[in-house]
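Next comes query.cif, a file with mmCIF, C-alpha atoms and all ligand atoms.
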data_structure
#
loop_
_atom_site.label_atom_id
_atom_site.label_comp_id
_atom_site.auth_asym_id
_atom_site.auth_seq_id
_atom_site.Cartn_x
_atom_site.Cartn_y
_atom_site.Cartn_z
CA MET A 1 105.86 -69.49 10.24
CA THR A 2 104.06 -70.25 7.01
CA GLN A 3 106.50 -70.84 4.17
CA VAL A 4 105.92 -69.91 0.55
CA GLY A 5 103.70 -72.59 -0.96
CA GLU A 6 101.99 -73.58 2.27
CA ALA A 7 98.77 -71.63 1.95
CA GLU A 8 96.11 -73.06 4.22
CA PRO A 9 93.33 -74.83 2.38
CA ASP A 10 89.92 -73.49 3.25
CA ILE A 11 86.36 -73.67 2.19
CA PHE A 12 83.62 -71.14 1.57
CA ASN A 13 80.18 -70.90 0.12
CA PRO A 14 79.94 -68.30 -2.65
CA ALA A 15 76.22 -67.88 -2.06
CA LEU A 16 76.75 -66.50 1.45
CA PRO A 17 76.54 -62.76 2.14
CA ALA A 18 79.81 -60.83 1.96
CA THR A 19 80.23 -60.69 5.72
CA ALA A 20 80.21 -64.47 5.92
CA ARG A 21 82.46 -64.98 2.91
CA TRP A 22 85.69 -63.92 4.45
CA PRO A 23 86.17 -65.91 7.64
CA GLU A 24 89.33 -65.29 9.64
CA GLU A 25 89.42 -68.95 10.73
CA SER A 26 91.19 -71.14 8.21
CA GLU A 27 89.18 -74.13 9.45
CA TYR A 28 85.93 -72.43 8.40
CA HIS A 29 83.48 -74.87 6.87
CA CYS A 30 80.03 -74.11 5.63
CA GLU A 31 77.30 -76.68 5.42
CA ALA A 32 74.65 -74.21 4.24
CA GLU A 33 72.79 -74.54 0.97
CA GLY A 34 74.57 -73.96 -2.29
CA SER A 35 77.94 -75.05 -3.61
CA ILE A 36 80.93 -75.54 -1.40
CA VAL A 37 84.19 -74.23 -2.84
CA GLU A 38 87.49 -75.51 -1.51
CA PHE A 39 90.68 -73.49 -1.91
CA ARG A 40 94.00 -75.30 -1.83
CA LYS A 41 97.47 -75.42 -3.30
CA LEU A 42 97.77 -77.29 -6.61
CA ASP A 43 100.76 -79.52 -7.23
CA GLN A 44 102.62 -79.76 -10.52
CA THR A 45 100.67 -82.82 -11.66
CA GLU A 46 97.40 -80.86 -11.37
CA LEU A 47 98.33 -77.92 -13.61
CA ALA A 48 96.77 -79.65 -16.63
CA ARG A 49 93.42 -79.23 -14.87
CA VAL A 50 93.40 -75.66 -16.24
CA ALA A 51 91.54 -77.38 -19.11
CA GLU A 52 88.51 -77.56 -16.77
CA ILE A 53 88.21 -73.76 -16.69
CA ASP A 54 85.59 -72.32 -19.02
CA ARG A 55 87.39 -69.25 -20.38
CA ARG A 56 84.51 -67.88 -22.45
CA GLU A 57 83.69 -64.21 -21.85
CA ARG A 58 81.67 -61.62 -23.68
CA ILE A 59 83.92 -58.55 -23.90
CA ASN A 60 82.53 -55.28 -25.25
CA VAL A 61 85.09 -52.86 -23.84
CA LEU A 62 88.87 -53.07 -23.85
CA TYR A 63 91.12 -50.46 -22.25
CA GLU A 64 94.18 -48.90 -23.80
CA GLN A 65 96.77 -47.79 -21.28
CA HIS A 66 98.44 -44.40 -21.70
CA GLY A 67 100.66 -43.98 -18.67
CA THR A 68 98.25 -44.16 -15.74
CA GLN A 69 95.25 -43.23 -17.93
CA LEU A 70 92.91 -45.89 -19.31
CA VAL A 71 90.98 -45.19 -22.49
CA ALA A 72 87.95 -47.38 -23.27
CA ARG A 73 87.53 -48.84 -26.77
CA HIS A 74 84.17 -50.35 -27.63
CA GLY A 75 83.85 -53.40 -29.88
CA ASN A 76 83.57 -57.14 -29.82
CA TRP A 77 86.62 -58.76 -28.28
CA SER A 78 84.85 -61.77 -26.78
CA ALA A 79 87.04 -64.62 -25.57
CA SER A 80 86.45 -68.21 -26.70
CA ALA A 81 87.12 -71.44 -24.82
CA TRP A 82 90.67 -72.80 -24.52
CA ASP A 83 91.53 -74.86 -27.60
CA PRO A 84 91.69 -78.43 -26.23
CA GLU A 85 93.70 -79.88 -29.15
CA GLY A 86 95.85 -77.21 -30.81
CA HIS A 87 99.22 -75.62 -30.06
CA GLY A 88 98.38 -71.89 -30.31
CA GLY A 89 98.54 -69.21 -27.62
CA TYR A 90 95.07 -70.01 -26.25
CA SER A 91 95.44 -73.79 -26.30
CA VAL A 92 95.34 -75.90 -23.16
CA GLU A 93 98.86 -77.02 -24.08
CA ALA A 94 100.14 -73.42 -24.07
CA LYS A 95 98.43 -72.63 -20.75
CA VAL A 96 99.85 -75.73 -19.03
CA HIS A 97 103.28 -74.78 -20.35
CA GLU A 98 102.84 -71.22 -19.01
CA LEU A 99 101.74 -72.47 -15.59
CA GLN A 100 104.66 -74.91 -15.46
CA HIS A 101 107.05 -72.07 -16.29
CA TYR A 102 105.75 -69.99 -13.36
CA VAL A 103 105.99 -72.90 -10.93
CA ASP A 104 109.53 -73.70 -12.16
CA ASN A 105 110.40 -70.09 -11.32
CA GLY A 106 109.20 -70.31 -7.73
CA GLY A 107 105.50 -69.68 -8.38
CA VAL A 108 102.73 -71.08 -6.21
CA ALA A 109 99.46 -72.25 -7.81
CA LEU A 110 96.18 -72.21 -5.90
CA GLY A 111 92.97 -73.82 -7.06
CA ALA A 112 89.31 -73.34 -6.25
CA LEU A 113 87.43 -76.63 -6.53
CA ALA A 114 83.70 -77.28 -6.51
CA GLY A 115 82.06 -80.66 -6.96
CA GLY A 116 85.39 -82.19 -7.95
CA ARG A 117 85.94 -79.64 -10.72
CA LEU A 118 88.53 -76.86 -10.95
CA VAL A 119 86.52 -73.62 -11.12
CA GLY A 120 89.32 -71.13 -10.38
CA ILE A 121 93.11 -71.01 -10.57
CA GLY A 122 95.64 -68.37 -9.53
CA VAL A 123 99.44 -68.22 -9.48
CA VAL A 124 101.78 -65.87 -7.65
CA VAL A 125 105.51 -65.62 -8.41
CA PRO A 126 107.23 -64.07 -5.39
CA HIS A 127 110.40 -61.98 -5.88
CA LEU A 128 110.00 -61.31 -9.61
CA ARG A 129 112.23 -58.44 -8.63
CA PRO A 130 113.45 -57.61 -5.12
CA ARG A 131 110.34 -57.09 -2.91
CA ILE A 132 108.02 -57.31 -5.95
CA ALA A 133 105.74 -60.30 -6.56
CA GLN A 134 103.85 -61.03 -9.76
CA LEU A 135 100.23 -62.10 -9.81
CA ALA A 136 100.98 -64.23 -12.84
CA PHE A 137 97.72 -66.05 -13.59
CA LEU A 138 94.11 -65.74 -12.46
CA HIS A 139 91.11 -67.37 -14.08
CA VAL A 140 87.66 -68.19 -12.80
CA SER A 141 85.39 -70.42 -14.85
CA ALA A 142 82.63 -68.46 -16.63
CA PRO A 143 79.62 -69.77 -14.66
CA TRP A 144 81.38 -69.02 -11.37
CA ARG A 145 82.47 -65.43 -11.99
CA ALA A 146 81.32 -62.54 -9.80
CA THR A 147 80.71 -64.87 -6.82
CA GLY A 148 83.84 -63.93 -4.88
CA ILE A 149 86.18 -66.71 -6.03
CA GLY A 150 88.66 -64.45 -7.87
CA GLY A 151 88.79 -62.11 -4.89
CA ARG A 152 89.40 -64.96 -2.53
CA LEU A 153 92.19 -66.41 -4.71
CA SER A 154 93.91 -63.05 -5.13
CA GLU A 155 93.70 -62.40 -1.38
CA GLN A 156 95.45 -65.69 -0.71
CA LEU A 157 98.06 -65.04 -3.42
CA GLU A 158 98.78 -61.64 -1.86
CA GLN A 159 99.21 -63.31 1.53
CA ILE A 160 101.72 -65.78 0.07
CA ALA A 161 103.70 -62.84 -1.41
CA ARG A 162 103.64 -60.92 1.90
CA THR A 163 104.82 -63.98 3.80
CA ALA A 164 107.67 -64.36 1.29
CA GLY A 165 108.72 -60.78 2.12
CA ASP A 166 107.42 -58.87 -0.89
CA SER A 167 106.00 -55.37 -0.44
CA ASP A 168 104.42 -54.87 -3.86
CA MET A 169 102.50 -56.95 -6.36
CA VAL A 170 102.29 -56.36 -10.10
CA VAL A 171 99.89 -57.79 -12.64
CA SER A 172 99.81 -57.68 -16.41
CA ALA A 173 96.03 -57.62 -16.69
CA THR A 174 93.80 -58.61 -19.56
CA PRO A 175 92.53 -55.17 -20.65
CA SER A 176 88.84 -56.15 -20.56
CA GLU A 177 86.32 -54.05 -18.64
CA ASN A 178 85.47 -56.72 -16.03
CA THR A 179 89.05 -57.69 -15.38
CA VAL A 180 90.31 -54.11 -15.02
CA ARG A 181 87.37 -53.30 -12.71
CA PHE A 182 88.21 -56.36 -10.64
CA TYR A 183 91.82 -55.27 -10.11
CA LEU A 184 90.94 -51.60 -9.49
CA GLY A 185 88.45 -52.81 -6.87
CA ARG A 186 91.22 -54.74 -5.16
CA GLY A 187 93.57 -51.76 -4.88
CA PHE A 188 95.67 -52.18 -8.01
CA GLN A 189 96.51 -49.02 -9.97
CA PRO A 190 97.84 -48.59 -13.52
CA MET A 191 101.63 -48.10 -13.56
CA ALA A 192 103.22 -45.22 -15.43
CA ASP A 193 106.33 -47.36 -15.95
CA PRO A 194 105.44 -51.05 -16.31
CA LEU A 195 108.16 -53.60 -15.57
CA ALA A 196 110.01 -53.98 -18.88
CA GLU A 197 110.04 -57.79 -18.77
CA LEU A 198 106.22 -57.90 -18.44
CA PHE A 199 105.51 -55.09 -20.89
CA GLU A 200 107.63 -56.84 -23.52
CA LEU A 201 105.53 -60.00 -23.20
CA GLU A 202 102.10 -58.28 -23.10
CA PRO A 203 102.31 -54.73 -24.51
CA GLU A 204 98.50 -54.51 -24.88
CA ASP A 205 97.72 -55.49 -21.29
CA VAL A 206 96.98 -53.01 -18.52
CA HIS A 207 100.02 -53.07 -16.23
CA MET A 208 99.04 -52.53 -12.61
CA ARG A 209 100.66 -52.42 -9.20
CA LYS A 210 99.50 -52.70 -5.62
CA LYS A 211 101.21 -52.14 -2.24
CA LEU A 212 100.87 -55.28 -0.14
C1 LIG B 1 88.85 -61.33 -13.44
C2 LIG B 1 88.36 -62.57 -12.68
C3 LIG B 1 89.55 -63.43 -12.30
C4 LIG B 1 87.65 -62.09 -11.40
O1 LIG B 1 87.20 -63.22 -10.69
P1 LIG B 1 85.72 -63.27 -10.12
O2 LIG B 1 85.61 -64.51 -9.31
O3 LIG B 1 84.76 -63.09 -11.22
O4 LIG B 1 85.73 -61.95 -9.20
P2 LIG B 1 84.99 -61.70 -7.80
O5 LIG B 1 83.66 -62.36 -7.83
O6 LIG B 1 85.89 -62.04 -6.68
O7 LIG B 1 84.87 -60.14 -7.85
C5 LIG B 1 83.88 -59.56 -8.65
C6 LIG B 1 84.37 -58.24 -9.11
O8 LIG B 1 85.17 -58.44 -10.26
C7 LIG B 1 84.65 -57.70 -11.36
N1 LIG B 1 84.17 -58.69 -12.29
C8 LIG B 1 85.01 -59.48 -12.97
N2 LIG B 1 84.34 -60.29 -13.79
C9 LIG B 1 83.03 -60.01 -13.65
C10 LIG B 1 81.86 -60.51 -14.26
N3 LIG B 1 81.90 -61.47 -15.20
N4 LIG B 1 80.68 -60.02 -13.87
C11 LIG B 1 80.64 -59.05 -12.93
N5 LIG B 1 81.73 -58.55 -12.34
C12 LIG B 1 82.93 -59.01 -12.68
C13 LIG B 1 83.69 -56.73 -10.80
O9 LIG B 1 84.44 -55.56 -10.53
C14 LIG B 1 83.23 -57.34 -9.49
O10 LIG B 1 83.14 -56.35 -8.53
P3 LIG B 1 81.73 -56.04 -7.83
O11 LIG B 1 81.36 -57.33 -7.15
O12 LIG B 1 82.06 -54.92 -6.90
O13 LIG B 1 80.82 -55.68 -8.97
C15 LIG B 1 87.36 -63.40 -13.51
O14 LIG B 1 86.26 -62.60 -13.83
C16 LIG B 1 87.95 -64.03 -14.77
O15 LIG B 1 88.44 -65.15 -14.71
N6 LIG B 1 87.91 -63.31 -15.91
C17 LIG B 1 88.36 -63.83 -17.18
C18 LIG B 1 89.83 -64.12 -17.21
C19 LIG B 1 90.69 -62.95 -16.86
O16 LIG B 1 90.57 -61.90 -17.47
N7 LIG B 1 91.59 -63.15 -15.88
C20 LIG B 1 92.51 -62.14 -15.46
C21 LIG B 1 93.80 -62.30 -16.18
S1 LIG B 1 94.94 -61.02 -15.69
#
Transcribe the structure of this file into structure tokens.
Ligand SMILES: CC(C)(COP(=O)(O)OP(=O)(O)OC[C@H]1O[C@@H](n2cnc3c(N)ncnc32)[C@H](O)[C@@H]1OP(=O)(O)O)[C@@H](O)C(=O)NCCC(=O)NCCS
Amino acid sequence: MTQVGEAEPDIFNPALPATARWPEESEYHCEAEGSIVEFRKLDQTELARVAEIDRRERINVLYEQHGTQLVARHGNWSASAWDPEGHGGYSVEAKVHELQHYVDNGGVALGALAGGRLVGIGVVVPHLRPRIAQLAFLHVSAPWRATGIGGRLSEQLEQIARTAGDSDMVVSATPSENTVRFYLGRGFQPMADPLAELFELEPEDVHMRKKL
């Protein structure tokens, strides 16, 4: 039986059509044209590689959550790159600290690597509460978005949570249009009653839940 933290590494080519993107075989390799992306578990020493992720995003719509209703607000909320030197909330230092905290609390970090570079990272914390896992972190580097990497990472994080015995997954999602659409498309729904411990940390996020 696969234990928590033993997700199978696998490889896919984001340029392939959808039907070819989601192989059942974990030993799937693709030698076709385009970039090869490898998915594997990251160990503690690799968490600092989050610095390789290009966080920049143009954001024109943010959602406000009112119970299960989402209300769009238009404006310019674009996200800049991680601060490589500073100590603020969007610094590399703060992100490494956050990732370390999740892993110290039983979280599992997965990476997507292309050409020796980290292009995606996701973390699941099983058993945040009984039978409930948290999708705690998910970022895909700007040039690689909308190619299937985030979907692939979240699918593998969900599988880790299921294997650990969880029946639900929650996420405190960045309230941007693209991110909310991503989670809605993967079966997450806004929660009328967010988990208090997550709401307290991120009251402006969209708090969502999915049955595993
Ligand atoms: C949200 C995120 C992780 C999704 O990863 P991804 O690799 O871009 O997503 P996928 O390619 O697997 O899925 C694409 C879907 O996500 C949504 N999406 C997210 N970002 C998008 C973008 N920049 N352009 C187009 N669609 C985007 C769309 O709904 C799209 O669905 P569609 O293919 O049916 O149109 C990624 O866009 C990201 O890192 N965003 C910035 C950081 C962030 O907000 N992370 C979430 C924190 S909770």
Shell around range 108-124 of chain A at 9 Å using all atoms listed in the file, local window under 2 positions removed, as a VMD selection string
chain A and resid 4 to 7 11 35 to 44 47 49 to 54 99 102 to 103 106 126 133 to 144 149 to 150 153 to 154 156 to 158 160 to 161
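Checking A:Asn105, A:Ser78, A:Ser167, A:Gln159 one by one against ligand LIG 1 (chain B), counting all atoms listed in the file, you find the shortest gap at A:Ser78.
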Which residues come within 7 Å of range 81-91 of chain A, counting only C-alpha atoms, excluding same-chain residues fewer than 3 positions away, as a PyMOL selection string?
chain A and resi 54-56+94-95
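Nearest residue to ligand LIG 1 (chain B), choosing from A:Val71, A:Leu195, A:Ile59, A:Val96 and counting all atoms listed in the file: A:Ile59.
For the set A:Thr68, A:Asn60, A:Thr147, A:Gln189, the residue with the smallest atom-to-atom gap to ligand LIG 1 (chain B) is A:Thr147, counting only C-alpha atoms and all ligand atoms.
Of note, atom C11 of ligand LIG 1 (chain B) and CA of Ala173 in chain A are spaced 15.9 Å apart.
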Taking (89.4, -51.4, -24.4) as a centre in this file's frame and 10 Å as the limit, can you find every polymer residue with an atom that close, using all atoms listed in the file, and give them as a ChimeraX atom specification?
/A:59-65,70-77,174-177,180,204-206
Protein/DNA/RNA residues near (80.1, -57.7, -13.1), cut 9 Å, all atoms listed in the file, as a ChimeraX atom specification:
/A:145-146,178,181-182
Could you write out as JSON the box around ligand LIG 1 (chain B) (axis-aligned, all atoms listed in the file, 4 Å on each side), with centre and edge lengths in Å to one decimal?
{"center_x": 87.8, "center_y": -60.0, "center_z": -12.1, "size_x": 22.3, "size_y": 18.2, "size_z": 18.8}
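Proximity of A:Leu184, A:Ser80, A:Ser172, A:Val125 to Glu200 in chain A, computed with only C-alpha atoms, is greatest for A:Ser172.
Taking CA of Ala192 in chain A and CA of Asp104 in chain A as the two end points, the separation is 29.4 Å.
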Among the residues A:Asp193, A:Glu46, A:Asp166, A:Glu202, the one that comes closest to ligand LIG 1 (chain B) [using all atoms listed in the file]
A:Glu202
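Closest approach to ligand LIG 1 (chain B) among A:Val171, A:Ala164, A:Leu128, A:Met191: A:Val171, based on all atoms listed in the file.
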Please fill the gaps in range 96-128 of chain A so it has N, CA and C atoms, and write that as a PDB file, in the frame of the given file.
ATOM      1  N   VAL A  96      99.150 -74.835 -19.969  1.00  0.00           N
ATOM      2  CA  VAL A  96      99.850 -75.730 -19.030  1.00  0.00           C
ATOM      3  C   VAL A  96     101.345 -75.405 -19.036  1.00  0.00           C
ATOM      4  N   HIS A  97     101.859 -75.131 -20.216  1.00  0.00           N
ATOM      5  CA  HIS A  97     103.280 -74.780 -20.350  1.00  0.00           C
ATOM      6  C   HIS A  97     103.574 -73.491 -19.580  1.00  0.00           C
ATOM      7  N   GLU A  98     102.678 -72.506 -19.717  1.00  0.00           N
ATOM      8  CA  GLU A  98     102.840 -71.220 -19.010  1.00  0.00           C
ATOM      9  C   GLU A  98     102.820 -71.425 -17.494  1.00  0.00           C
ATOM     10  N   LEU A  99     101.843 -72.214 -17.036  1.00  0.00           N
ATOM     11  CA  LEU A  99     101.740 -72.470 -15.590  1.00  0.00           C
ATOM     12  C   LEU A  99     102.987 -73.181 -15.076  1.00  0.00           C
ATOM     13  N   GLN A 100     103.456 -74.149 -15.858  1.00  0.00           N
ATOM     14  CA  GLN A 100     104.660 -74.910 -15.460  1.00  0.00           C
ATOM     15  C   GLN A 100     105.859 -73.968 -15.350  1.00  0.00           C
ATOM     16  N   HIS A 101     105.947 -73.041 -16.294  1.00  0.00           N
ATOM     17  CA  HIS A 101     107.050 -72.070 -16.290  1.00  0.00           C
ATOM     18  C   HIS A 101     107.033 -71.242 -14.993  1.00  0.00           C
ATOM     19  N   TYR A 102     105.827 -70.781 -14.593  1.00  0.00           N
ATOM     20  CA  TYR A 102     105.750 -69.990 -13.360  1.00  0.00           C
ATOM     21  C   TYR A 102     106.176 -70.813 -12.148  1.00  0.00           C
ATOM     22  N   VAL A 103     105.679 -72.049 -12.092  1.00  0.00           N
ATOM     23  CA  VAL A 103     105.990 -72.900 -10.930  1.00  0.00           C
ATOM     24  C   VAL A 103     107.500 -73.212 -10.911  1.00  0.00           C
ATOM     25  N   ASP A 104     108.079 -73.444 -12.089  1.00  0.00           N
ATOM     26  CA  ASP A 104     109.530 -73.700 -12.160  1.00  0.00           C
ATOM     27  C   ASP A 104     110.331 -72.491 -11.691  1.00  0.00           C
ATOM     28  N   ASN A 105     109.716 -71.309 -11.762  1.00  0.00           N
ATOM     29  CA  ASN A 105     110.400 -70.090 -11.320  1.00  0.00           C
ATOM     30  C   ASN A 105     109.969 -69.649  -9.933  1.00  0.00           C
ATOM     31  N   GLY A 106     109.516 -70.598  -9.137  1.00  0.00           N
ATOM     32  CA  GLY A 106     109.200 -70.310  -7.730  1.00  0.00           C
ATOM     33  C   GLY A 106     107.752 -69.943  -7.503  1.00  0.00           C
ATOM     34  N   GLY A 107     106.911 -70.036  -8.528  1.00  0.00           N
ATOM     35  CA  GLY A 107     105.500 -69.680  -8.380  1.00  0.00           C
ATOM     36  C   GLY A 107     104.728 -70.704  -7.563  1.00  0.00           C
ATOM     37  N   VAL A 108     103.635 -70.222  -6.992  1.00  0.00           N
ATOM     38  CA  VAL A 108     102.730 -71.080  -6.210  1.00  0.00           C
ATOM     39  C   VAL A 108     101.354 -71.017  -6.870  1.00  0.00           C
ATOM     40  N   ALA A 109     100.789 -72.184  -7.157  1.00  0.00           N
ATOM     41  CA  ALA A 109      99.460 -72.250  -7.810  1.00  0.00           C
ATOM     42  C   ALA A 109      98.415 -72.649  -6.775  1.00  0.00           C
ATOM     43  N   LEU A 110      97.329 -71.881  -6.757  1.00  0.00           N
ATOM     44  CA  LEU A 110      96.180 -72.210  -5.900  1.00  0.00           C
ATOM     45  C   LEU A 110      94.996 -72.534  -6.783  1.00  0.00           C
ATOM     46  N   GLY A 111      94.171 -73.465  -6.318  1.00  0.00           N
ATOM     47  CA  GLY A 111      92.970 -73.820  -7.060  1.00  0.00           C
ATOM     48  C   GLY A 111      91.731 -73.608  -6.220  1.00  0.00           C
ATOM     49  N   ALA A 112      90.624 -73.337  -6.895  1.00  0.00           N
ATOM     50  CA  ALA A 112      89.310 -73.340  -6.250  1.00  0.00           C
ATOM     51  C   ALA A 112      88.546 -74.507  -6.869  1.00  0.00           C
ATOM     52  N   LEU A 113      88.070 -75.420  -6.031  1.00  0.00           N
ATOM     53  CA  LEU A 113      87.430 -76.630  -6.530  1.00  0.00           C
ATOM     54  C   LEU A 113      86.006 -76.735  -6.003  1.00  0.00           C
ATOM     55  N   ALA A 114      85.100 -77.103  -6.892  1.00  0.00           N
ATOM     56  CA  ALA A 114      83.700 -77.280  -6.510  1.00  0.00           C
ATOM     57  C   ALA A 114      83.179 -78.540  -7.190  1.00  0.00           C
ATOM     58  N   GLY A 115      82.610 -79.421  -6.408  1.00  0.00           N
ATOM     59  CA  GLY A 115      82.060 -80.660  -6.960  1.00  0.00           C
ATOM     60  C   GLY A 115      83.095 -81.441  -7.744  1.00  0.00           C
ATOM     61  N   GLY A 116      84.336 -81.419  -7.299  1.00  0.00           N
ATOM     62  CA  GLY A 116      85.390 -82.190  -7.950  1.00  0.00           C
ATOM     63  C   GLY A 116      85.935 -81.539  -9.207  1.00  0.00           C
ATOM     64  N   ARG A 117      85.500 -80.330  -9.503  1.00  0.00           N
ATOM     65  CA  ARG A 117      85.940 -79.640 -10.720  1.00  0.00           C
ATOM     66  C   ARG A 117      86.742 -78.399 -10.353  1.00  0.00           C
ATOM     67  N   LEU A 118      87.768 -78.102 -11.162  1.00  0.00           N
ATOM     68  CA  LEU A 118      88.530 -76.860 -10.950  1.00  0.00           C
ATOM     69  C   LEU A 118      87.718 -75.705 -11.510  1.00  0.00           C
ATOM     70  N   VAL A 119      87.336 -74.749 -10.651  1.00  0.00           N
ATOM     71  CA  VAL A 119      86.520 -73.620 -11.120  1.00  0.00           C
ATOM     72  C   VAL A 119      87.299 -72.297 -11.055  1.00  0.00           C
ATOM     73  N   GLY A 120      88.480 -72.327 -10.428  1.00  0.00           N
ATOM     74  CA  GLY A 120      89.320 -71.130 -10.380  1.00  0.00           C
ATOM     75  C   GLY A 120      90.767 -71.526 -10.182  1.00  0.00           C
ATOM     76  N   ILE A 121      91.677 -70.732 -10.738  1.00  0.00           N
ATOM     77  CA  ILE A 121      93.110 -71.010 -10.570  1.00  0.00           C
ATOM     78  C   ILE A 121      93.865 -69.692 -10.530  1.00  0.00           C
ATOM     79  N   GLY A 122      94.814 -69.581  -9.633  1.00  0.00           N
ATOM     80  CA  GLY A 122      95.640 -68.370  -9.530  1.00  0.00           C
ATOM     81  C   GLY A 122      97.070 -68.758  -9.212  1.00  0.00           C
ATOM     82  N   VAL A 123      98.007 -67.958  -9.722  1.00  0.00           N
ATOM     83  CA  VAL A 123      99.440 -68.220  -9.480  1.00  0.00           C
ATOM     84  C   VAL A 123     100.123 -66.921  -9.076  1.00  0.00           C
ATOM     85  N   VAL A 124     100.932 -66.999  -8.030  1.00  0.00           N
ATOM     86  CA  VAL A 124     101.780 -65.870  -7.650  1.00  0.00           C
ATOM     87  C   VAL A 124     103.243 -66.298  -7.805  1.00  0.00           C
ATOM     88  N   VAL A 125     104.060 -65.400  -8.353  1.00  0.00           N
ATOM     89  CA  VAL A 125     105.510 -65.620  -8.410  1.00  0.00           C
ATOM     90  C   VAL A 125     106.157 -64.591  -7.486  1.00  0.00           C
ATOM     91  N   PRO A 126     106.555 -65.011  -6.290  1.00  0.00           N
ATOM     92  CA  PRO A 126     107.230 -64.070  -5.390  1.00  0.00           C
ATOM     93  C   PRO A 126     108.584 -63.659  -5.971  1.00  0.00           C
ATOM     94  N   HIS A 127     109.051 -62.454  -5.545  1.00  0.00           N
ATOM     95  CA  HIS A 127     110.400 -61.980  -5.880  1.00  0.00           C
ATOM     96  C   HIS A 127     110.687 -61.953  -7.385  1.00  0.00           C
ATOM     97  N   LEU A 128     109.708 -61.510  -8.177  1.00  0.00           N
ATOM     98  CA  LEU A 128     110.000 -61.310  -9.610  1.00  0.00           C
ATOM     99  C   LEU A 128     111.178 -60.355  -9.719  1.00  0.00           C
TER     100      LEU A 128
END
